[in-house]
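K.L.:
Got a structure for you, run.pdb, holding PDB, C-alpha atoms.
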ATOM      1  CA  GLN A   1    -238.691  17.921 103.187  1.00  0.00           C
ATOM      2  CA  LYS A   2    -241.037  18.178 106.124  1.00  0.00           C
ATOM      3  CA  GLU A   3    -244.708  18.403 105.245  1.00  0.00           C
ATOM      4  CA  VAL A   4    -245.392  21.296 107.605  1.00  0.00           C
ATOM      5  CA  GLU A   5    -242.650  23.668 108.691  1.00  0.00           C
ATOM      6  CA  GLN A   6    -242.643  26.227 111.429  1.00  0.00           C
ATOM      7  CA  ASN A   7    -239.937  28.274 113.101  1.00  0.00           C
ATOM      8  CA  SER A   8    -239.343  26.618 116.444  1.00  0.00           C
ATOM      9  CA  GLY A   9    -238.718  29.902 118.197  1.00  0.00           C
ATOM     10  CA  PRO A  10    -238.769  30.843 120.913  1.00  0.00           C
ATOM     11  CA  LEU A  11    -240.607  33.966 119.888  1.00  0.00           C
ATOM     12  CA  SER A  12    -240.500  36.503 122.680  1.00  0.00           C
ATOM     13  CA  VAL A  13    -242.867  39.449 122.599  1.00  0.00           C
ATOM     14  CA  PRO A  14    -243.739  42.071 125.197  1.00  0.00           C
ATOM     15  CA  GLU A  15    -247.206  42.112 126.689  1.00  0.00           C
ATOM     16  CA  GLY A  16    -249.609  44.009 124.483  1.00  0.00           C
ATOM     17  CA  ALA A  17    -247.592  43.505 121.303  1.00  0.00           C
ATOM     18  CA  ILE A  18    -248.462  41.463 118.227  1.00  0.00           C
ATOM     19  CA  ALA A  19    -247.036  37.968 117.915  1.00  0.00           C
ATOM     20  CA  SER A  20    -246.669  36.744 114.342  1.00  0.00           C
ATOM     21  CA  LEU A  21    -246.308  33.051 113.602  1.00  0.00           C
ATOM     22  CA  ASN A  22    -245.629  31.513 110.216  1.00  0.00           C
ATOM     23  CA  CYS A  23    -246.152  28.098 108.700  1.00  0.00           C
ATOM     24  CA  THR A  24    -245.423  26.637 105.283  1.00  0.00           C
ATOM     25  CA  TYR A  25    -246.637  23.350 103.884  1.00  0.00           C
ATOM     26  CA  SER A  26    -245.619  21.150 101.001  1.00  0.00           C
ATOM     27  CA  ASP A  27    -248.819  19.415  99.892  1.00  0.00           C
ATOM     28  CA  ARG A  28    -250.543  21.621  97.347  1.00  0.00           C
ATOM     29  CA  VAL A  29    -253.817  19.734  97.602  1.00  0.00           C
ATOM     30  CA  SER A  30    -254.220  20.549 101.290  1.00  0.00           C
ATOM     31  CA  GLN A  31    -257.726  21.744 102.014  1.00  0.00           C
ATOM     32  CA  SER A  32    -257.893  22.743 105.635  1.00  0.00           C
ATOM     33  CA  PHE A  33    -255.610  24.612 107.957  1.00  0.00           C
ATOM     34  CA  PHE A  34    -255.576  24.910 111.700  1.00  0.00           C
ATOM     35  CA  TRP A  35    -253.748  26.550 114.526  1.00  0.00           C
ATOM     36  CA  TYR A  36    -253.598  24.750 117.854  1.00  0.00           C
ATOM     37  CA  ARG A  37    -252.233  26.049 121.136  1.00  0.00           C
ATOM     38  CA  GLN A  38    -250.394  23.608 123.379  1.00  0.00           C
ATOM     39  CA  TYR A  39    -249.376  24.428 126.912  1.00  0.00           C
ATOM     40  CA  SER A  40    -246.463  22.495 128.338  1.00  0.00           C
ATOM     41  CA  GLY A  41    -247.477  18.973 129.275  1.00  0.00           C
ATOM     42  CA  LYS A  42    -250.988  19.386 127.904  1.00  0.00           C
ATOM     43  CA  SER A  43    -252.737  18.319 124.730  1.00  0.00           C
ATOM     44  CA  PRO A  44    -253.394  20.765 121.886  1.00  0.00           C
ATOM     45  CA  GLU A  45    -256.369  23.075 121.918  1.00  0.00           C
ATOM     46  CA  LEU A  46    -257.933  24.287 118.680  1.00  0.00           C
ATOM     47  CA  ILE A  47    -257.893  28.059 118.383  1.00  0.00           C
ATOM     48  CA  MET A  48    -258.388  28.787 114.662  1.00  0.00           C
ATOM     49  CA  SER A  49    -259.368  27.084 111.457  1.00  0.00           C
ATOM     50  CA  ILE A  50    -259.187  28.519 107.946  1.00  0.00           C
ATOM     51  CA  TYR A  51    -260.105  27.027 104.599  1.00  0.00           C
ATOM     52  CA  SER A  52    -260.075  29.862 102.052  1.00  0.00           C
ATOM     53  CA  ASN A  53    -257.436  32.345 100.967  1.00  0.00           C
ATOM     54  CA  GLY A  54    -257.427  35.562 102.918  1.00  0.00           C
ATOM     55  CA  ASP A  55    -257.827  36.546 106.529  1.00  0.00           C
ATOM     56  CA  LYS A  56    -260.025  35.157 109.248  1.00  0.00           C
ATOM     57  CA  GLU A  57    -260.375  36.960 112.552  1.00  0.00           C
ATOM     58  CA  ASP A  58    -261.551  35.578 115.876  1.00  0.00           C
ATOM     59  CA  GLY A  59    -261.088  37.856 118.830  1.00  0.00           C
ATOM     60  CA  ARG A  60    -257.399  38.641 119.217  1.00  0.00           C
ATOM     61  CA  PHE A  61    -256.416  35.988 116.688  1.00  0.00           C
ATOM     62  CA  THR A  62    -256.162  36.405 112.925  1.00  0.00           C
ATOM     63  CA  ALA A  63    -255.271  33.574 110.601  1.00  0.00           C
ATOM     64  CA  GLN A  64    -254.048  34.304 107.094  1.00  0.00           C
ATOM     65  CA  LEU A  65    -253.937  31.773 104.276  1.00  0.00           C
ATOM     66  CA  ASN A  66    -252.197  32.003 100.925  1.00  0.00           C
ATOM     67  CA  LYS A  67    -252.578  28.744  99.052  1.00  0.00           C
ATOM     68  CA  ALA A  68    -250.529  29.904  96.080  1.00  0.00           C
ATOM     69  CA  SER A  69    -247.566  30.468  98.355  1.00  0.00           C
ATOM     70  CA  GLN A  70    -248.472  27.462 100.543  1.00  0.00           C
ATOM     71  CA  TYR A  71    -248.306  29.669 103.559  1.00  0.00           C
ATOM     72  CA  VAL A  72    -250.487  30.151 106.603  1.00  0.00           C
ATOM     73  CA  SER A  73    -249.892  32.525 109.467  1.00  0.00           C
ATOM     74  CA  LEU A  74    -251.327  33.453 112.828  1.00  0.00           C
ATOM     75  CA  LEU A  75    -251.324  36.883 114.401  1.00  0.00           C
ATOM     76  CA  ILE A  76    -251.980  37.301 118.096  1.00  0.00           C
ATOM     77  CA  ARG A  77    -252.881  40.885 118.930  1.00  0.00           C
ATOM     78  CA  ASP A  78    -252.567  42.427 122.392  1.00  0.00           C
ATOM     79  CA  SER A  79    -250.501  39.460 123.531  1.00  0.00           C
ATOM     80  CA  GLN A  80    -251.065  38.365 127.115  1.00  0.00           C
ATOM     81  CA  PRO A  81    -248.835  36.285 129.410  1.00  0.00           C
ATOM     82  CA  SER A  82    -251.486  33.553 129.170  1.00  0.00           C
ATOM     83  CA  ASP A  83    -250.720  33.328 125.447  1.00  0.00           C
ATOM     84  CA  SER A  84    -247.298  31.889 126.303  1.00  0.00           C
ATOM     85  CA  ALA A  85    -247.443  28.415 124.787  1.00  0.00           C
ATOM     86  CA  THR A  86    -246.400  26.397 121.782  1.00  0.00           C
ATOM     87  CA  TYR A  87    -248.496  27.013 118.686  1.00  0.00           C
ATOM     88  CA  LEU A  88    -248.921  24.129 116.297  1.00  0.00           C
ATOM     89  CA  CYS A  89    -249.800  24.580 112.662  1.00  0.00           C
ATOM     90  CA  ALA A  90    -251.794  21.696 111.197  1.00  0.00           C
ATOM     91  CA  VAL A  91    -252.609  21.076 107.563  1.00  0.00           C
ATOM     92  CA  GLY A  92    -255.260  18.685 106.378  1.00  0.00           C
ATOM     93  CA  SER A  93    -256.157  16.830 103.247  1.00  0.00           C
ATOM     94  CA  ASP A  94    -258.957  14.292 103.187  1.00  0.00           C
ATOM     95  CA  TYR A  95    -259.258  13.319 106.830  1.00  0.00           C
ATOM     96  CA  LYS A  96    -255.609  13.461 107.873  1.00  0.00           C
ATOM     97  CA  LEU A  97    -253.820  16.258 109.622  1.00  0.00           C
ATOM     98  CA  SER A  98    -250.083  16.846 109.487  1.00  0.00           C
ATOM     99  CA  PHE A  99    -248.570  18.948 112.232  1.00  0.00           C
ATOM    100  CA  GLY A 100    -245.606  21.250 112.360  1.00  0.00           C
ATOM    101  CA  ALA A 101    -243.201  21.003 115.252  1.00  0.00           C
ATOM    102  CA  GLY A 102    -244.628  24.156 116.767  1.00  0.00           C
ATOM    103  CA  THR A 103    -243.452  27.663 117.584  1.00  0.00           C
ATOM    104  CA  THR A 104    -242.904  28.494 121.232  1.00  0.00           C
ATOM    105  CA  VAL A 105    -244.186  31.926 122.178  1.00  0.00           C
ATOM    106  CA  THR A 106    -243.212  33.723 125.352  1.00  0.00           C
ATOM    107  CA  VAL A 107    -245.069  36.896 126.291  1.00  0.00           C
ATOM    108  CA  ARG A 108    -243.035  39.085 128.641  1.00  0.00           C
ATOM    109  CA  ALA A 109    -245.023  40.962 131.272  1.00  0.00           C
TER     110      ALA A 109
ATOM    111  CA  GLY B   1    -266.057  22.455 121.592  1.00  0.00           C
ATOM    112  CA  ALA B   2    -266.543  18.744 121.628  1.00  0.00           C
ATOM    113  CA  VAL B   3    -265.246  16.772 124.597  1.00  0.00           C
ATOM    114  CA  VAL B   4    -262.797  13.931 124.240  1.00  0.00           C
ATOM    115  CA  SER B   5    -261.570  12.216 127.376  1.00  0.00           C
ATOM    116  CA  GLN B   6    -258.492  10.069 127.849  1.00  0.00           C
ATOM    117  CA  HIS B   7    -257.537   7.768 130.675  1.00  0.00           C
ATOM    118  CA  PRO B   8    -255.158   7.371 132.373  1.00  0.00           C
ATOM    119  CA  SER B   9    -253.485  10.756 132.231  1.00  0.00           C
ATOM    120  CA  ARG B  10    -250.235   9.319 133.540  1.00  0.00           C
ATOM    121  CA  VAL B  11    -249.020   5.753 133.759  1.00  0.00           C
ATOM    122  CA  ILE B  12    -245.760   4.142 134.704  1.00  0.00           C
ATOM    123  CA  CYS B  13    -245.165   0.549 133.735  1.00  0.00           C
ATOM    124  CA  LYS B  14    -242.325  -1.904 133.834  1.00  0.00           C
ATOM    125  CA  SER B  15    -240.454  -2.821 130.718  1.00  0.00           C
ATOM    126  CA  GLY B  16    -242.033  -5.824 129.014  1.00  0.00           C
ATOM    127  CA  THR B  17    -245.534  -5.237 130.311  1.00  0.00           C
ATOM    128  CA  SER B  18    -248.533  -3.924 128.412  1.00  0.00           C
ATOM    129  CA  VAL B  19    -250.551  -0.824 129.099  1.00  0.00           C
ATOM    130  CA  LYS B  20    -253.954   0.237 127.812  1.00  0.00           C
ATOM    131  CA  ILE B  21    -255.041   3.827 127.164  1.00  0.00           C
ATOM    132  CA  GLU B  22    -258.700   4.678 126.675  1.00  0.00           C
ATOM    133  CA  CYS B  23    -260.151   7.448 124.569  1.00  0.00           C
ATOM    134  CA  ARG B  24    -263.801   8.400 124.884  1.00  0.00           C
ATOM    135  CA  SER B  25    -265.918  10.903 123.030  1.00  0.00           C
ATOM    136  CA  LEU B  26    -268.254  12.187 125.717  1.00  0.00           C
ATOM    137  CA  ASP B  27    -270.897  14.125 123.841  1.00  0.00           C
ATOM    138  CA  PHE B  28    -270.846  12.778 120.333  1.00  0.00           C
ATOM    139  CA  GLN B  29    -270.430   9.558 118.410  1.00  0.00           C
ATOM    140  CA  ALA B  30    -267.119   9.202 116.652  1.00  0.00           C
ATOM    141  CA  THR B  31    -266.836   6.725 113.842  1.00  0.00           C
ATOM    142  CA  THR B  32    -263.215   7.716 113.481  1.00  0.00           C
ATOM    143  CA  MET B  33    -260.641   8.439 116.141  1.00  0.00           C
ATOM    144  CA  PHE B  34    -256.967   9.155 115.740  1.00  0.00           C
ATOM    145  CA  TRP B  35    -253.968   8.243 117.883  1.00  0.00           C
ATOM    146  CA  TYR B  36    -250.903  10.459 118.003  1.00  0.00           C
ATOM    147  CA  ARG B  37    -247.582  10.252 119.765  1.00  0.00           C
ATOM    148  CA  GLN B  38    -245.513  13.235 120.754  1.00  0.00           C
ATOM    149  CA  PHE B  39    -241.952  13.121 122.017  1.00  0.00           C
ATOM    150  CA  PRO B  40    -240.636  16.133 123.966  1.00  0.00           C
ATOM    151  CA  LYS B  41    -240.223  19.255 121.844  1.00  0.00           C
ATOM    152  CA  GLN B  42    -241.346  17.393 118.755  1.00  0.00           C
ATOM    153  CA  SER B  43    -244.428  17.455 116.607  1.00  0.00           C
ATOM    154  CA  LEU B  44    -247.456  15.243 116.933  1.00  0.00           C
ATOM    155  CA  MET B  45    -247.025  12.148 114.832  1.00  0.00           C
ATOM    156  CA  LEU B  46    -250.093  10.293 113.659  1.00  0.00           C
ATOM    157  CA  MET B  47    -249.805   6.646 114.608  1.00  0.00           C
ATOM    158  CA  ALA B  48    -253.059   5.228 113.387  1.00  0.00           C
ATOM    159  CA  THR B  49    -256.642   5.917 112.466  1.00  0.00           C
ATOM    160  CA  SER B  50    -259.149   3.966 114.471  1.00  0.00           C
ATOM    161  CA  ASN B  51    -262.353   3.019 112.672  1.00  0.00           C
ATOM    162  CA  GLU B  52    -265.377   1.800 114.594  1.00  0.00           C
ATOM    163  CA  GLY B  53    -266.111  -1.815 113.824  1.00  0.00           C
ATOM    164  CA  SER B  54    -263.116  -2.372 111.599  1.00  0.00           C
ATOM    165  CA  LYS B  55    -259.358  -2.640 111.734  1.00  0.00           C
ATOM    166  CA  ALA B  56    -257.267   0.409 112.413  1.00  0.00           C
ATOM    167  CA  THR B  57    -255.214   1.968 109.657  1.00  0.00           C
ATOM    168  CA  TYR B  58    -251.607   2.369 110.738  1.00  0.00           C
ATOM    169  CA  GLU B  59    -249.137   4.915 109.494  1.00  0.00           C
ATOM    170  CA  GLN B  60    -245.924   3.793 107.883  1.00  0.00           C
ATOM    171  CA  GLY B  61    -243.380   2.679 110.426  1.00  0.00           C
ATOM    172  CA  VAL B  62    -245.876   2.035 113.229  1.00  0.00           C
ATOM    173  CA  GLU B  63    -245.922  -1.589 114.368  1.00  0.00           C
ATOM    174  CA  LYS B  64    -249.514  -2.748 114.445  1.00  0.00           C
ATOM    175  CA  ASP B  65    -248.673  -5.767 116.575  1.00  0.00           C
ATOM    176  CA  LYS B  66    -247.073  -3.544 119.180  1.00  0.00           C
ATOM    177  CA  PHE B  67    -249.690  -0.806 119.246  1.00  0.00           C
ATOM    178  CA  LEU B  68    -253.027  -2.567 119.337  1.00  0.00           C
ATOM    179  CA  ILE B  69    -256.036  -0.404 118.617  1.00  0.00           C
ATOM    180  CA  ASN B  70    -259.598  -1.389 119.266  1.00  0.00           C
ATOM    181  CA  HIS B  71    -262.615   0.757 118.415  1.00  0.00           C
ATOM    182  CA  ALA B  72    -265.447  -1.390 119.668  1.00  0.00           C
ATOM    183  CA  SER B  73    -268.066   1.327 120.035  1.00  0.00           C
ATOM    184  CA  LEU B  74    -268.858   4.745 118.636  1.00  0.00           C
ATOM    185  CA  THR B  75    -267.580   6.430 121.781  1.00  0.00           C
ATOM    186  CA  LEU B  76    -264.559   4.376 122.787  1.00  0.00           C
ATOM    187  CA  SER B  77    -261.205   3.576 121.241  1.00  0.00           C
ATOM    188  CA  THR B  78    -258.346   1.931 123.099  1.00  0.00           C
ATOM    189  CA  LEU B  79    -254.624   1.847 122.434  1.00  0.00           C
ATOM    190  CA  THR B  80    -252.638  -0.976 124.008  1.00  0.00           C
ATOM    191  CA  VAL B  81    -248.877  -0.698 124.031  1.00  0.00           C
ATOM    192  CA  THR B  82    -247.671  -4.275 124.218  1.00  0.00           C
ATOM    193  CA  SER B  83    -244.310  -5.368 125.594  1.00  0.00           C
ATOM    194  CA  ALA B  84    -243.465  -1.776 126.375  1.00  0.00           C
ATOM    195  CA  HIS B  85    -239.877  -0.599 126.339  1.00  0.00           C
ATOM    196  CA  PRO B  86    -238.323   2.627 127.615  1.00  0.00           C
ATOM    197  CA  GLU B  87    -238.227   4.034 124.085  1.00  0.00           C
ATOM    198  CA  ASP B  88    -242.036   3.823 124.049  1.00  0.00           C
ATOM    199  CA  SER B  89    -242.140   6.441 126.784  1.00  0.00           C
ATOM    200  CA  SER B  90    -244.005   9.348 125.256  1.00  0.00           C
ATOM    201  CA  PHE B  91    -247.114  11.508 125.319  1.00  0.00           C
ATOM    202  CA  TYR B  92    -249.965   9.657 123.616  1.00  0.00           C
ATOM    203  CA  ILE B  93    -252.915  11.716 122.465  1.00  0.00           C
ATOM    204  CA  CYS B  94    -256.174  10.656 120.908  1.00  0.00           C
ATOM    205  CA  SER B  95    -258.504  12.790 118.914  1.00  0.00           C
ATOM    206  CA  ALA B  96    -261.893  12.506 117.309  1.00  0.00           C
ATOM    207  CA  ARG B  97    -263.879  14.305 114.671  1.00  0.00           C
ATOM    208  CA  PRO B  98    -267.459  15.069 115.617  1.00  0.00           C
ATOM    209  CA  PRO B  99    -270.058  14.561 112.918  1.00  0.00           C
ATOM    210  CA  ARG B 100    -271.448  17.561 111.062  1.00  0.00           C
ATOM    211  CA  THR B 101    -268.435  19.744 111.760  1.00  0.00           C
ATOM    212  CA  ALA B 102    -266.198  21.627 109.401  1.00  0.00           C
ATOM    213  CA  ARG B 103    -263.932  19.326 107.454  1.00  0.00           C
ATOM    214  CA  ASN B 104    -260.943  17.887 109.229  1.00  0.00           C
ATOM    215  CA  THR B 105    -261.747  19.645 112.511  1.00  0.00           C
ATOM    216  CA  ILE B 106    -260.617  17.369 115.296  1.00  0.00           C
ATOM    217  CA  TYR B 107    -260.611  17.682 119.049  1.00  0.00           C
ATOM    218  CA  PHE B 108    -257.975  16.185 121.267  1.00  0.00           C
ATOM    219  CA  GLY B 109    -258.190  14.245 124.483  1.00  0.00           C
ATOM    220  CA  GLU B 110    -256.137  15.363 127.444  1.00  0.00           C
ATOM    221  CA  GLY B 111    -253.279  13.053 126.549  1.00  0.00           C
ATOM    222  CA  SER B 112    -251.612  10.217 128.419  1.00  0.00           C
ATOM    223  CA  TRP B 113    -248.048  10.314 129.625  1.00  0.00           C
ATOM    224  CA  LEU B 114    -246.476   6.866 129.443  1.00  0.00           C
ATOM    225  CA  THR B 115    -243.237   6.175 131.254  1.00  0.00           C
ATOM    226  CA  VAL B 116    -241.671   2.765 130.846  1.00  0.00           C
ATOM    227  CA  VAL B 117    -239.060   1.919 133.464  1.00  0.00           C
TER     228      VAL B 117
END
What is this file in structure tokens?
P.N.:
Amino acid sequence: QKEVEQNSGPLSVPEGAIASLNCTYSDRVSQSFFWYRQYSGKSPELIMSIYSNGDKEDGRFTAQLNKASQYVSLLIRDSQPSDSATYLCAVGSDYKLSFGAGTTVTVRA
Amino acid sequence: GAVVSQHPSRVICKSGTSVKIECRSLDFQATTMFWYRQFPKQSLMLMATSNEGSKATYEQGVEKDKFLINHASLTLSTLTVTSAHPEDSSFYICSARPPRTARNTIYFGEGSWLTVV
């Protein structure tokens, strides 16, 4: 069983719509959760971090964490063509991060 | 966010040669840096944790004699791929955790594309 699982996509959404990305993890003692955006051929860029159950909003992004269900999600509101990228879910315990394979999002203009 | 710089961004080397990749934290001191490898359309895989002034900690399955890591200062870690082979061709990314930041938050360098021919 993979430590961090994401749907690979591609997830195609029209411009202005909400993109919803999901991630599940296997290690119950995980303490920190991140979403990174990775454009093709580039390194990941941190867009959200969340540590407690519930929602965390930052601009057009909302991360949701449910530790009981071992589930973390990312909502992208008012999706823009520039949001087209691969989104990596990362889960941390102690100092290590484990990454999912990423979900590719395509925003159609 | 914090700035982590990697060099070179792209390198092509001949099979059997060695290549060194540098990772620098530009505006903070990093006692710990991390090296990842990413094959196309795959996840980032942690290769090793680089600790300033001590030996790196390698993940299971990563050959420490092939992937030499040196963390000689608080702002520089290097990864040397020795006796490179075509299967070592990959995207190598370093990261670092600035001090006094939220737990486990790391920032990535720009990455280095290695092609072994």
K.L.:
Please measure the separation of atom CA of B:Thr78 and atom CA of B:Glu22, giving the value in Å to one decimal.
P.N.:
4.5 Å
K.L.:
For the ChimeraX specification (/A :<6) & /B, applied here, can you spell out every residue it catches as an mmCIF file with C-alpha atoms, in the frame of the given file?
P.N.:
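Wrote part35.cif, looks like this:
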data_model
loop_
_atom_site.group_PDB
_atom_site.id
_atom_site.type_symbol
_atom_site.label_atom_id
_atom_site.label_comp_id
_atom_site.auth_asym_id
_atom_site.auth_seq_id
_atom_site.Cartn_x
_atom_site.Cartn_y
_atom_site.Cartn_z
ATOM 1 C CA GLN B 42 -241.346 17.393 118.755
ATOM 2 C CA SER B 43 -244.428 17.455 116.607
ATOM 3 C CA ASN B 104 -260.943 17.887 109.229
ATOM 4 C CA GLU B 110 -256.137 15.363 127.444
ATOM 5 C CA GLY B 111 -253.279 13.053 126.549
#
K.L.:
Pick out the closest residue to B:His85 from this set: B:Leu114, B:Met47, B:Ile106, B:Ala30. Count all atoms listed in the file.
P.N.:
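Of B:Leu114, B:Met47, B:Ile106, B:Ala30, the one nearest B:His85, counting all atoms listed in the file, is B:Leu114.
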K.L.:
When you draw a straight line from atom CA of A:Asn22 to atom CA of A:Leu74, how long is it in Å?
P.N.:
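A separation of 6.6 Å between them.
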K.L.:
So which residues fall inside 9 Å of (-248.9, 12.5, 119.7) if we count only C-alpha atoms? Mind giving them as a list in words?
P.N.:
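Answer for this query, in the requested form: Ser43 of chain A; Trp35, Tyr36, Arg37, Gln38, Phe39, Ser43, Leu44, Met45, Leu46, Met47, Ser90, Phe91, Tyr92, Ile93, Cys94 and Gly111 of chain B.
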K.L.:
Here's the selection I'm unsure about, the PyMOL selection byres ((chain A and resi 80) around 8); applied to the file above, which residues does it give, as a list in words?
P.N.:
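Output from the PyMOL selection byres ((chain A and resi 80) around 8), applied to this file: Glu15, Gly16, Asp78, Ser79, Pro81, Ser82, Asp83, Ser84, Val107 and Ala109 of chain A.
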K.L.:
Just the residues within 10 Å of B:Lys55, please, counting only C-alpha atoms, with nothing from its chain fewer than 3 positions along; format it as a list of chain:residue names.
P.N.:
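Within the cut-off, the hits are B:Thr49, B:Ser50, B:Asn51, B:Glu52, B:Tyr58, B:Leu68, B:Ile69, B:Asn70, B:His71.
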K.L.:
Evaluating the PyMOL selection byres ((chain B and resi 18) around 10) on the displayed file yields which residues, as a list in words?
P.N.:
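Residues picked by the PyMOL selection byres ((chain B and resi 18) around 10): Cys13, Lys14, Ser15, Gly16, Thr17, Val19, Lys20, Lys66, Phe67, Thr80, Val81, Thr82, Ser83, Ala84, His85 and Val116 of chain B.
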K.L.:
Could you work out how far atom CA of B:Val4 lies from atom CA of B:Ser95, giving the answer in Å with one decimal?
P.N.:
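So the two atoms, atom CA of B:Ser95 and atom CA of B:Val4, lie 6.9 Å apart.
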K.L.:
I'd like to know which of B:Leu26, B:Met33, B:Val117, B:Ile12 is closest to B:Ser77, using only C-alpha atoms.
P.N.:
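Selected residue with least distance to B:Ser77: B:Met33.
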K.L.:
Is it possible to produce a file of stretch 41-59 of chain B from this structure, with N, CA and C atoms, as a CSV table (one decimal), in the first residue's frame?
P.N.:
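Listing of part28.csv after writing:
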chain,number,residue,atom,x,y,z
B,41,LYS,N,6.5,11.6,-14.6
B,41,LYS,CA,5.1,11.2,-14.2
B,41,LYS,C,5.1,10.3,-12.9
B,42,GLN,N,6.1,10.4,-12.1
B,42,GLN,CA,6.1,9.7,-10.8
B,42,GLN,C,6.3,10.7,-9.7
B,43,SER,N,6.2,10.1,-8.5
B,43,SER,CA,6.3,11.0,-7.3
B,43,SER,C,7.7,11.3,-7.0
B,44,LEU,N,7.9,12.3,-6.1
B,44,LEU,CA,9.2,12.6,-5.6
B,44,LEU,C,9.6,11.4,-4.6
B,45,MET,N,10.7,10.9,-4.7
B,45,MET,CA,11.2,9.9,-3.8
B,45,MET,C,12.4,10.4,-3.0
B,46,LEU,N,12.3,10.4,-1.7
B,46,LEU,CA,13.4,10.9,-0.9
B,46,LEU,C,14.5,9.9,-1.0
B,47,MET,N,15.7,10.5,-1.3
B,47,MET,CA,16.9,9.7,-1.4
B,47,MET,C,17.7,9.6,-0.1
B,48,ALA,N,17.9,10.8,0.4
B,48,ALA,CA,18.7,10.9,1.6
B,48,ALA,C,18.5,12.2,2.3
B,49,THR,N,18.8,12.2,3.6
B,49,THR,CA,18.8,13.5,4.4
B,49,THR,C,20.2,13.9,4.7
B,50,SER,N,20.5,15.1,4.3
B,50,SER,CA,21.9,15.6,4.5
B,50,SER,C,22.0,16.4,5.7
B,51,ASN,N,22.9,16.0,6.6
B,51,ASN,CA,23.0,16.7,7.9
B,51,ASN,C,24.4,17.4,7.9
B,52,GLU,N,24.3,18.7,8.2
B,52,GLU,CA,25.6,19.5,8.3
B,52,GLU,C,26.6,18.9,9.3
B,53,GLY,N,27.7,18.6,8.8
B,53,GLY,CA,28.8,18.2,9.7
B,53,GLY,C,28.8,16.7,10.0
B,54,SER,N,27.8,16.0,9.5
B,54,SER,CA,27.8,14.6,9.7
B,54,SER,C,27.4,13.8,8.5
B,55,LYS,N,27.4,12.5,8.6
B,55,LYS,CA,27.0,11.7,7.4
B,55,LYS,C,25.6,11.8,7.1
B,56,ALA,N,25.3,11.6,5.8
B,56,ALA,CA,23.9,11.7,5.4
B,56,ALA,C,23.2,10.4,5.8
B,57,THR,N,21.9,10.5,5.9
B,57,THR,CA,21.1,9.3,6.2
B,57,THR,C,20.4,8.9,4.9
B,58,TYR,N,20.6,7.7,4.4
B,58,TYR,CA,20.1,7.3,3.2
B,58,TYR,C,18.8,6.5,3.4
B,59,GLU,N,17.9,6.6,2.4
B,59,GLU,CA,16.7,5.8,2.4
B,59,GLU,C,17.0,4.4,1.9
